[in-house]
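The data block below is coords.txt; it holds compact mmCIF, C-alpha atoms and all ligand atoms.
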# COMPACT_ATOMS: atom_id res chain seq x y z
CA MET A 1 32.67 -14.44 -26.32
CA ASN A 2 30.70 -16.67 -23.91
CA LYS A 3 30.49 -13.78 -21.49
CA LEU A 4 29.15 -11.56 -24.25
CA ILE A 5 26.47 -14.12 -25.15
CA SER A 6 25.36 -14.58 -21.54
CA LEU A 7 25.30 -10.80 -21.00
CA SER A 8 23.10 -10.37 -24.08
CA LEU A 9 20.79 -13.20 -22.97
CA CYS A 10 20.51 -11.61 -19.55
CA LEU A 11 19.66 -8.20 -21.02
CA LEU A 12 17.17 -9.80 -23.40
CA SER A 13 15.41 -11.69 -20.61
CA ASN A 14 15.22 -8.46 -18.58
CA VAL A 15 13.41 -6.83 -21.47
CA VAL A 16 11.17 -9.81 -22.27
CA TYR A 17 10.04 -10.44 -18.68
CA GLY A 18 9.87 -6.77 -17.74
CA GLN A 19 12.54 -6.97 -15.04
CA SER A 20 13.71 -3.46 -15.83
CA ASP A 21 10.45 -1.59 -16.29
CA TYR A 22 11.61 0.84 -13.62
CA ARG A 23 14.01 2.34 -16.18
CA LYS A 24 11.22 3.70 -18.33
CA ALA A 25 8.52 4.02 -15.69
CA PHE A 26 10.43 6.42 -13.44
CA PRO A 27 11.11 9.04 -16.16
CA PHE A 28 7.42 8.83 -17.09
CA ALA A 29 6.40 9.21 -13.43
CA GLU A 30 8.66 12.24 -13.10
CA LYS A 31 7.03 13.96 -16.08
CA GLN A 32 3.52 13.19 -14.85
CA THR A 33 4.30 14.38 -11.33
CA GLU A 34 5.84 17.63 -12.60
CA PHE A 35 2.55 18.16 -14.40
CA MET A 36 0.54 17.28 -11.30
CA LEU A 37 2.44 19.78 -9.17
CA LYS A 38 1.26 22.47 -11.58
CA GLU A 39 -2.29 21.11 -11.73
CA ILE A 40 -2.64 21.08 -7.94
CA THR A 41 -3.05 24.85 -7.98
CA HIS A 42 -6.26 24.37 -10.04
CA GLY A 43 -7.54 21.40 -8.04
CA THR A 44 -10.98 21.19 -6.50
CA SER A 45 -12.04 20.17 -2.99
CA THR A 46 -15.31 19.87 -1.15
CA LYS A 47 -13.46 20.05 2.19
CA PRO A 48 -11.47 22.86 3.84
CA ASN A 49 -7.66 22.95 3.86
CA PRO A 50 -6.87 20.55 0.99
CA VAL A 51 -3.23 19.42 0.90
CA SER A 52 -2.84 16.36 -1.36
CA PRO A 53 -4.29 15.02 -4.62
CA ARG A 54 -6.51 11.95 -4.36
CA THR A 55 -8.26 11.17 -7.67
CA LEU A 56 -10.21 12.72 -10.57
CA ASP A 57 -13.91 13.51 -10.28
CA ASP A 58 -16.57 12.64 -12.89
CA LYS A 59 -15.72 15.78 -14.85
CA GLY A 60 -11.99 15.03 -14.83
CA ASN A 61 -11.12 17.64 -12.19
CA LEU A 62 -8.27 16.93 -9.82
CA VAL A 63 -9.74 16.16 -6.38
CA LEU A 64 -7.72 17.49 -3.45
CA ILE A 65 -8.10 16.30 0.14
CA PRO A 66 -7.22 17.57 3.61
CA SER A 67 -4.55 15.86 5.71
CA LYS A 68 -7.17 14.00 7.75
CA ASP A 69 -8.22 11.94 4.68
CA TRP A 70 -6.64 8.47 4.86
CA VAL A 71 -5.10 8.99 1.40
CA SER A 72 -3.20 12.21 2.24
CA GLY A 73 0.24 10.67 2.85
CA PHE A 74 0.58 8.88 -0.47
CA PHE A 75 1.42 11.86 -2.67
CA PRO A 76 4.26 13.05 -0.41
CA GLY A 77 5.45 9.42 -0.40
CA GLU A 78 5.52 9.38 -4.20
CA LEU A 79 7.68 12.51 -4.14
CA TRP A 80 10.11 10.74 -1.80
CA TYR A 81 10.30 7.73 -4.16
CA LEU A 82 11.09 10.10 -7.04
CA TYR A 83 13.82 11.69 -4.92
CA GLU A 84 15.21 8.26 -4.02
CA TYR A 85 15.41 7.21 -7.67
CA THR A 86 16.72 10.46 -9.17
CA HIS A 87 18.70 11.99 -6.26
CA ASN A 88 17.37 15.27 -7.62
CA ASN A 89 16.97 17.86 -4.87
CA LYS A 90 13.97 19.36 -6.58
CA TRP A 91 12.05 16.23 -5.63
CA ARG A 92 13.38 16.36 -2.09
CA ALA A 93 12.21 19.97 -1.73
CA ALA A 94 8.74 19.06 -3.01
CA ALA A 95 8.62 15.99 -0.78
CA GLU A 96 9.54 18.06 2.27
CA GLN A 97 6.94 20.68 1.42
CA TYR A 98 4.10 18.15 0.98
CA THR A 99 5.18 16.00 3.93
CA ALA A 100 5.01 18.97 6.30
CA LYS A 101 1.32 19.34 5.48
CA ILE A 102 0.57 15.82 6.79
CA GLU A 103 2.40 16.17 10.11
CA PRO A 104 -0.60 17.43 12.18
CA GLU A 105 -2.04 13.91 11.77
CA GLN A 106 0.52 12.56 14.25
CA PHE A 107 -1.89 13.65 17.01
CA ASP A 108 -5.20 12.37 15.57
CA LYS A 109 -6.46 9.63 17.90
CA GLY A 110 -9.73 9.31 15.98
CA THR A 111 -8.60 6.79 13.31
CA HIS A 112 -6.21 3.92 12.67
CA ASP A 113 -5.21 5.61 9.40
CA VAL A 114 -2.53 7.62 11.21
CA GLY A 115 -0.24 4.75 10.16
CA PHE A 116 -0.96 5.16 6.43
CA LYS A 117 -0.77 8.95 6.61
CA ILE A 118 2.39 9.37 8.65
CA TYR A 119 4.37 6.33 7.57
CA CYS A 120 4.03 6.83 3.79
CA SER A 121 5.01 10.51 4.07
CA VAL A 122 7.16 11.13 7.15
CA GLY A 123 8.38 7.51 7.30
CA ASN A 124 9.87 7.73 3.82
CA GLY A 125 11.22 11.18 4.68
CA TYR A 126 13.06 9.76 7.68
CA ARG A 127 14.31 6.77 5.70
CA LEU A 128 15.91 9.05 3.11
CA THR A 129 17.10 11.97 5.26
CA GLN A 130 17.49 10.65 8.83
CA LYS A 131 16.11 13.96 10.08
CA GLN A 132 15.56 13.98 13.87
CA HIS A 133 12.31 15.91 13.41
CA TYR A 134 10.82 13.12 11.26
CA LYS A 135 11.90 10.57 13.87
CA ASP A 136 10.03 12.52 16.55
CA VAL A 137 6.89 12.65 14.40
CA ILE A 138 7.00 8.87 13.77
CA ILE A 139 7.32 8.13 17.49
CA GLN A 140 4.50 10.52 18.40
CA ALA A 141 2.27 9.01 15.70
CA ALA A 142 2.98 5.52 17.09
CA LYS A 143 1.96 6.73 20.57
CA THR A 144 -1.25 8.13 19.08
CA LEU A 145 -2.02 4.91 17.19
CA SER A 146 -1.33 2.78 20.28
CA THR A 147 -4.12 4.57 22.18
CA ARG A 148 -6.52 2.69 19.90
CA PHE A 149 -5.32 -0.72 21.15
CA ASN A 150 -7.70 -2.68 23.37
CA PRO A 151 -5.87 -5.54 25.16
CA THR A 152 -9.12 -7.49 25.71
CA VAL A 153 -9.71 -7.65 21.96
CA GLY A 154 -6.00 -7.76 21.09
CA THR A 155 -6.29 -5.30 18.21
CA ILE A 156 -6.22 -1.64 17.29
CA LYS A 157 -9.72 -0.33 16.54
CA SER A 158 -10.11 0.83 12.94
CA TRP A 159 -13.14 3.11 12.93
CA ASP A 160 -15.12 5.04 15.54
CA ASN A 161 -18.83 5.86 15.54
CA ARG A 162 -20.12 3.26 13.06
CA LYS A 163 -23.72 2.43 13.86
CA GLU A 164 -23.51 -1.09 12.46
CA TRP A 165 -20.36 -2.16 14.36
CA LYS A 166 -19.15 -1.93 17.97
CA TYR A 167 -15.43 -2.42 17.47
CA PRO A 168 -14.63 -2.79 13.76
CA VAL A 169 -11.21 -3.94 12.62
CA ILE A 170 -10.49 -3.98 8.90
CA ILE A 171 -7.80 -6.00 7.13
CA ASP A 172 -6.29 -2.69 5.90
CA ASN A 173 -5.25 -2.07 9.51
CA MET A 174 -2.36 -4.53 9.07
CA MET A 175 -0.60 -1.80 7.10
CA ASN A 176 -0.52 0.53 10.11
CA LEU A 177 1.68 -1.89 12.05
CA GLU A 178 4.77 -0.82 10.09
CA LEU A 179 4.70 2.55 11.86
CA LEU A 180 4.68 0.74 15.22
CA PHE A 181 7.55 -1.62 14.42
CA VAL A 182 9.69 1.24 13.15
CA ALA A 183 8.83 3.41 16.17
CA THR A 184 10.17 0.68 18.47
CA LYS A 185 13.40 0.54 16.48
CA LEU A 186 13.75 4.33 16.66
CA SER A 187 12.78 4.78 20.31
CA GLY A 188 13.74 1.52 22.00
CA ASP A 189 10.21 1.42 23.47
CA SER A 190 8.92 -2.11 22.96
CA THR A 191 5.30 -1.14 23.70
CA PHE A 192 4.67 -0.37 20.03
CA TYR A 193 6.17 -3.70 18.91
CA LYS A 194 3.95 -5.59 21.37
CA VAL A 195 0.81 -3.82 20.14
CA ALA A 196 1.74 -4.67 16.54
CA VAL A 197 2.38 -8.35 17.29
CA ASN A 198 -0.86 -8.67 19.26
CA HIS A 199 -2.82 -7.09 16.43
CA ALA A 200 -1.19 -9.33 13.83
CA ASN A 201 -1.91 -12.47 15.90
CA THR A 202 -5.56 -11.62 16.55
CA THR A 203 -6.10 -10.72 12.89
CA LEU A 204 -4.47 -13.96 11.78
CA LYS A 205 -6.90 -15.88 14.01
CA ASN A 206 -10.12 -14.13 13.02
CA HIS A 207 -9.82 -12.44 9.64
CA PHE A 208 -8.93 -15.41 7.44
CA ARG A 209 -10.95 -18.20 5.87
CA PRO A 210 -9.62 -21.73 5.35
CA ASP A 211 -8.49 -20.77 1.80
CA TYR A 212 -6.48 -17.81 3.25
CA SER A 213 -8.70 -15.18 1.69
CA SER A 214 -9.76 -12.56 4.21
CA TYR A 215 -12.91 -10.84 5.37
CA HIS A 216 -12.81 -7.08 5.17
CA VAL A 217 -14.35 -6.19 8.56
CA ILE A 218 -14.34 -8.15 11.81
CA ASP A 219 -16.51 -6.61 14.50
CA TYR A 220 -15.52 -7.43 18.09
CA ASP A 221 -17.18 -7.06 21.46
CA PRO A 222 -14.84 -4.59 23.17
CA GLU A 223 -15.77 -5.94 26.64
CA THR A 224 -15.03 -9.62 25.96
CA GLY A 225 -13.06 -9.75 22.70
CA ALA A 226 -15.68 -12.06 21.15
CA VAL A 227 -16.16 -11.87 17.38
CA LEU A 228 -19.61 -10.41 16.67
CA HIS A 229 -19.66 -10.10 12.87
CA LYS A 230 -17.57 -11.03 9.83
CA GLN A 231 -18.52 -8.70 7.01
CA THR A 232 -17.49 -6.50 4.16
CA HIS A 233 -17.53 -2.77 3.60
CA GLN A 234 -15.83 -2.24 0.25
CA GLY A 235 -16.11 -5.74 -1.18
CA PHE A 236 -18.85 -7.43 -3.22
CA ALA A 237 -20.16 -9.61 -0.37
CA ASP A 238 -19.33 -10.60 3.19
CA SER A 239 -18.01 -13.91 1.88
CA SER A 240 -16.13 -12.49 -1.13
CA ALA A 241 -12.44 -11.64 -1.57
CA TRP A 242 -12.14 -7.88 -2.00
CA ALA A 243 -8.98 -7.49 -4.09
CA ARG A 244 -7.26 -4.66 -2.23
CA GLY A 245 -8.01 -6.36 1.08
CA GLN A 246 -6.09 -9.44 -0.09
CA GLY A 247 -3.22 -7.10 -0.96
CA TRP A 248 -3.28 -5.41 2.45
CA GLY A 249 -3.08 -8.83 4.12
CA LEU A 250 -0.23 -10.04 1.89
CA TYR A 251 1.78 -6.86 2.41
CA GLY A 252 0.97 -6.79 6.14
CA TYR A 253 2.16 -10.32 6.97
CA THR A 254 5.24 -9.99 4.73
CA MET A 255 6.17 -6.85 6.67
CA CYS A 256 5.40 -8.55 10.01
CA TYR A 257 7.79 -11.36 9.06
CA ARG A 258 10.48 -8.81 8.19
CA GLU A 259 10.10 -7.17 11.60
CA THR A 260 9.75 -10.27 13.81
CA LYS A 261 11.17 -13.21 11.84
CA ASN A 262 8.21 -15.24 13.16
CA PRO A 263 7.81 -18.09 10.62
CA VAL A 264 4.04 -18.12 11.22
CA TYR A 265 3.81 -14.74 9.47
CA LEU A 266 5.92 -15.96 6.57
CA LYS A 267 3.63 -18.98 6.14
CA GLN A 268 0.61 -16.69 6.24
CA ALA A 269 2.05 -14.37 3.59
CA GLU A 270 2.93 -17.34 1.36
CA ALA A 271 -0.59 -18.75 1.72
CA ILE A 272 -2.20 -15.39 0.87
CA ALA A 273 0.11 -15.09 -2.15
CA ALA A 274 -0.97 -18.56 -3.32
CA PHE A 275 -4.63 -17.64 -2.93
CA ILE A 276 -4.06 -14.62 -5.17
CA TYR A 277 -1.93 -16.09 -7.94
CA ASN A 278 -3.77 -19.41 -8.16
CA HIS A 279 -7.18 -17.78 -8.24
CA PRO A 280 -9.17 -18.83 -11.34
CA ASN A 281 -10.61 -15.30 -11.59
CA LEU A 282 -7.23 -13.56 -11.69
CA PRO A 283 -7.03 -12.12 -15.21
CA LYS A 284 -4.20 -13.13 -17.51
CA ASP A 285 -2.42 -9.79 -17.06
CA LYS A 286 -2.51 -10.34 -13.27
CA VAL A 287 -4.31 -7.07 -12.53
CA PRO A 288 -7.26 -8.23 -10.40
CA TYR A 289 -10.89 -7.31 -10.73
CA TRP A 290 -11.91 -5.05 -7.83
CA ASP A 291 -13.18 -8.17 -6.07
CA PHE A 292 -12.10 -11.72 -6.94
CA ASP A 293 -15.80 -12.65 -6.80
CA ALA A 294 -17.09 -9.64 -8.76
CA PRO A 295 -20.20 -10.93 -10.54
CA ASP A 296 -19.86 -9.14 -13.87
CA ARG A 297 -16.56 -10.60 -14.96
CA PRO A 298 -14.95 -10.20 -17.48
CA ASN A 299 -16.41 -6.69 -17.65
CA ALA A 300 -16.01 -5.91 -13.95
CA PRO A 301 -13.72 -2.96 -13.22
CA ARG A 302 -10.13 -3.79 -12.36
CA ASP A 303 -8.17 -2.44 -9.43
CA ALA A 304 -4.69 -1.31 -10.47
CA SER A 305 -4.05 -0.19 -6.88
CA ALA A 306 -4.47 -3.78 -5.66
CA ALA A 307 -2.11 -4.98 -8.40
CA ALA A 308 0.58 -2.43 -7.49
CA LEU A 309 0.28 -3.23 -3.79
CA ILE A 310 0.50 -6.98 -4.44
CA ALA A 311 3.55 -6.52 -6.69
CA SER A 312 5.35 -4.45 -4.07
CA ALA A 313 4.61 -7.04 -1.37
CA LEU A 314 5.72 -9.94 -3.60
CA TYR A 315 9.09 -8.27 -4.28
CA GLU A 316 9.73 -8.18 -0.56
CA LEU A 317 8.36 -11.69 0.04
CA SER A 318 10.61 -12.98 -2.75
CA THR A 319 13.63 -12.17 -0.59
CA TYR A 320 12.39 -14.27 2.38
CA SER A 321 10.67 -17.28 0.86
CA LYS A 322 11.79 -20.51 -0.76
CA ASN A 323 9.31 -19.59 -3.50
CA GLY A 324 11.19 -16.34 -4.08
CA LYS A 325 11.85 -16.82 -7.79
CA GLN A 326 8.19 -17.42 -8.49
CA TYR A 327 7.11 -14.35 -6.49
CA LYS A 328 9.65 -12.15 -8.21
CA LYS A 329 8.43 -13.36 -11.60
CA ILE A 330 4.78 -12.62 -10.76
CA ALA A 331 5.70 -9.18 -9.39
CA ASP A 332 7.60 -8.44 -12.62
CA GLN A 333 4.60 -9.57 -14.67
CA ILE A 334 2.26 -7.29 -12.72
CA VAL A 335 4.60 -4.32 -13.02
CA HIS A 336 4.99 -5.03 -16.73
CA SER A 337 1.21 -5.07 -17.26
CA LEU A 338 0.79 -1.83 -15.32
CA THR A 339 3.61 -0.18 -17.23
CA LYS A 340 2.43 -1.34 -20.62
CA ASN A 341 -1.34 -1.04 -20.40
CA TYR A 342 -2.42 0.93 -17.34
CA GLN A 343 -0.38 4.12 -17.53
CA ALA A 344 -2.12 7.43 -18.20
CA MET A 345 -1.52 9.21 -21.50
CA PRO A 346 1.62 11.38 -21.21
CA GLY A 347 0.51 14.82 -19.99
CA GLY A 348 -3.00 13.48 -19.28
CA SER A 349 -5.18 12.65 -16.26
CA LYS A 350 -3.87 15.74 -14.39
CA GLY A 351 -0.56 14.00 -13.83
CA PHE A 352 -1.69 10.72 -12.28
CA ILE A 353 0.54 7.83 -13.30
CA LEU A 354 -1.83 4.84 -13.43
CA LEU A 355 -5.42 4.51 -14.60
CA HIS A 356 -8.06 1.88 -13.71
CA SER A 357 -8.28 1.66 -9.94
CA THR A 358 -11.45 1.06 -7.96
CA GLY A 359 -11.92 2.78 -4.62
CA HIS A 360 -15.33 1.82 -3.23
CA LYS A 361 -17.52 -0.03 -5.71
CA PRO A 362 -20.53 -0.76 -3.46
CA ALA A 363 -20.78 2.96 -2.69
CA ASN A 364 -20.51 3.68 -6.41
CA SER A 365 -17.46 5.80 -5.64
CA GLU A 366 -14.13 6.07 -7.48
CA ILE A 367 -14.70 3.31 -10.04
CA ASP A 368 -12.12 2.86 -12.80
CA VAL A 369 -10.17 5.99 -11.88
CA PRO A 370 -6.61 7.07 -11.23
CA ILE A 371 -5.94 7.24 -7.49
CA SER A 372 -2.87 8.29 -5.56
CA TYR A 373 -2.39 5.08 -3.57
CA ALA A 374 -2.10 3.12 -6.83
CA ASP A 375 0.66 5.49 -7.95
CA TYR A 376 2.37 5.24 -4.55
CA TYR A 377 2.54 1.43 -4.50
CA TYR A 378 3.52 1.35 -8.18
CA LEU A 379 6.49 3.62 -7.45
CA GLU A 380 7.32 1.53 -4.40
CA ALA A 381 7.18 -1.66 -6.49
CA LEU A 382 9.42 -0.06 -9.14
CA THR A 383 11.85 1.03 -6.40
CA ARG A 384 11.97 -2.53 -5.12
CA GLN A 385 12.48 -3.90 -8.63
CA ASN A 386 15.38 -1.49 -9.09
CA ARG A 387 16.88 -2.43 -5.73
CA LEU A 388 16.68 -6.14 -6.54
CA ALA A 389 18.30 -5.54 -9.92
CA ASN A 390 21.14 -3.80 -8.11
CA ARG A 391 21.40 -6.42 -5.37
CA LYS A 392 20.35 -4.01 -2.65
CA PRO A 393 18.00 -4.92 0.23
CA VAL A 394 14.39 -4.32 -0.78
CA VAL A 395 13.64 -2.43 2.45
CA ASP A 396 16.15 -0.34 4.36
CA LEU A 397 14.62 1.06 7.53
N1 LIG B 401 -8.02 1.62 3.36
C1 LIG B 401 -9.14 1.89 2.55
C2 LIG B 401 -9.04 1.29 1.20
O1 LIG B 401 -8.23 0.43 0.92
O2 LIG B 401 -9.82 1.69 0.36
What would the structure in this file look like if it were written as structure tokens?
Amino acid sequence: MNKLISLSLCLLSNVVYGQSDYRKAFPFAEKQTEFMLKEITHGTSTKPNPVSPRTLDDKGNLVLIPSKDWVSGFFPGELWYLYEYTHNNKWRAAAEQYTAKIEPEQFDKGTHDVGFKIYCSVGNGYRLTQKQHYKDVIIQAAKTLSTRFNPTVGTIKSWDNRKEWKYPVIIDNMMNLELLFVATKLSGDSTFYKVAVNHANTTLKNHFRPDYSSYHVIDYDPETGAVLHKQTHQGFADSSAWARGQGWGLYGYTMCYRETKNPVYLKQAEAIAAFIYNHPNLPKDKVPYWDFDAPDRPNAPRDASAAALIASALYELSTYSKNGKQYKKIADQIVHSLTKNYQAMPGGSKGFILLHSTGHKPANSEIDVPISYADYYYLEALTRQNRLANRKPVVDL
């Protein structure tokens, strides 16, 4: 009888605190994505050779992008997460088809985004299939990304040919390090690992403020490594806390701790987490405004992509930190809010899963829209929630 009572209490608390949202969110995501696969054939693109969905335009058309767009790897990654959850080979076939379209990016030396593009698509493909071909692509992509490392600065360069900056490094770049760490594990070549650690250390030194919020862009002198500017690109102000940037930092240092076990990275991730969840401007539902300092609160647009990214990172951090229970609870709350109030209407929004993300507010671009990286990190967060519920490691590559 006691067992029965405690089982019921456990089930009830799972429902109340949203610890099992993955059970209803995945079937919804499957339906939406089936719809999106059909809609892709009617999508629109201003660029040649479109391969992946990105967002909706002002008229509600599905916007498609070529593989060189930084967002291209997220949709194939979503297909892999659907395959992982369902074990349905139809999702594997779709994931393989869409992943193949991203592979040319393994050779693009012109951007740091090779990490986002290849790791979210091919990286997940390798994780779930162990195909030698995917392993080769990951290692080649890591070689390509490493060409952007300047040892004098101690970082990978984010963008080329920006008039206003000599050697810009954005906080988002922390995400690309995962490709490098994994490439070292797969190849035995420690060069990639060393580049990643150097980048993480330099970023930790220069990108953060005393309250552990981060600048978006640090511009370096490539000859001396001196910091020239501390600015923003997608945030409200140079001194503000752009929401997705805080998420990139949290996720980045959590992942760096996983790969190195350096306690400095764990401390950094914990401090970034505290900045986020203690912030007086974090709304009650824990889905941030696009910038923590956005001036027009409470009417400022939210960023569901930042929320999904933060939730996914907190699930992983919860398995390393003494504050684990608290992080898991916040991640569950975020996922619950997204599931309850941010999902698209069934059969709507051309098959996107979440609404209300903000891409680039200062450029007046992609404000309060569905966007594929929000869907990707939402599915990743749901996968992690499921894994934790089943006592499996949150990350397995
Ligand atoms: N990495 C670009 C962005 O977060 O919008």
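The residue that comes closest to ligand LIG 401 (chain B), out of A:Ile170, A:Ala300, A:Ile272, A:Ile330 and on the basis of only C-alpha atoms and all ligand atoms, is A:Ile170.
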Determine, using all atoms listed in the file, which residues of chain A have any atom at most 7 Å from an atom of ligand LIG 401 (chain B), and tabulate each with its shortest atom pair and distance in Å to one decimal place, rows ordered by chain and then rising number, as a tab-separated table.
residue	atom	partner	partner_atom	distance
A:Asp172	CA	B:LIG401	N1	5.3
A:Arg244	CA	B:LIG401	O1	6.1
A:Gly245	CA	B:LIG401	O1	6.8
A:Gly359	CA	B:LIG401	O2	5.5
A:His360	CA	B:LIG401	O2	6.6
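You will find CA of Asp113 in chain A at 11.2 Å from CA of Ala142 in chain A.
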- Note on the structure: As a check of understanding: the span from CA of Ala363 in chain A to CA of Pro288 in chain A is 19.2 Å
- His216 in chain A: which residues within 9 Å, counting all atoms listed in the file, same-chain residues fewer than 3 positions away excluded, as a list in words? Val169, Ile170, Ile171, Asp172, His207, Lys230, Gln231, Thr232, His233, Gln234, Gly235, Asp238, Ser240, Ala241, Trp242, Gly245 and Gln246 of chain A
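Atom pair CA of Thr46 in chain A / CA of Asp108 in chain A has a distance of 20.9 Å (rounded to one decimal).
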- Query: Using only C-alpha atoms, which residue out of A:Asn364, A:Glu30, A:Thr339, A:Val394 lies closest to Tyr85 in chain A?
  - Reply: A:Glu30
- Task: Using only C-alpha atoms, pick whichever of A:Arg391, A:Lys117, A:Lys68, A:Arg302 has the shortest atom-to-atom distance to Glu366 in chain A.
- Result: A:Arg302
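Residues within 9 Å of Thr99 in chain A, counting all atoms listed in the file and excluding same-chain residues fewer than 6 positions away, are Gly73, Phe75, Pro76, Gly77, Ile118, Ser121, Val122 and Gly125 of chain A.
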- Item | Nearest-residue call for Gly247 in chain A, choices A:Val227, A:Val51, A:Leu64, A:Ala374, using all atoms listed in the file |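 The closest residue to Gly247 in chain A is A:Ala374.
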- Item | Selection: 12 Å around Gly115 in chain A, only C-alpha atoms, excl. self and same-chain fewer than 5 positions, as a VMD selection string | chain A and resid 68 70 to 74 102 to 103 105 to 109 120 to 123 137 to 146 148 156 158 172 to 183 196
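With distances taken over all atoms listed in the file, A:Ala273 is the one residue among A:Leu379, A:Ala273, A:Leu250, A:Ala25 lying closest to Gly324 in chain A.
Residues within 10 Å of Pro298 in chain A, counting only C-alpha atoms and excluding same-chain residues fewer than 3 positions away, are Asn281, Pro283, Tyr289, Ala294, Pro295, Pro301 and Arg302 of chain A.
Using all atoms listed in the file, the nearest neighbour of Thr152 in chain A within the list A:Thr191, A:Thr202, A:Thr86, A:Thr111 is A:Thr202.
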- Might you pull out every residue within 9 Å of Thr55 in chain A, with only C-alpha atoms counted and same-chain residues fewer than 5 positions away left off, and present them as a VMD selection string? chain A and resid 60 to 64 352 366 369 to 372
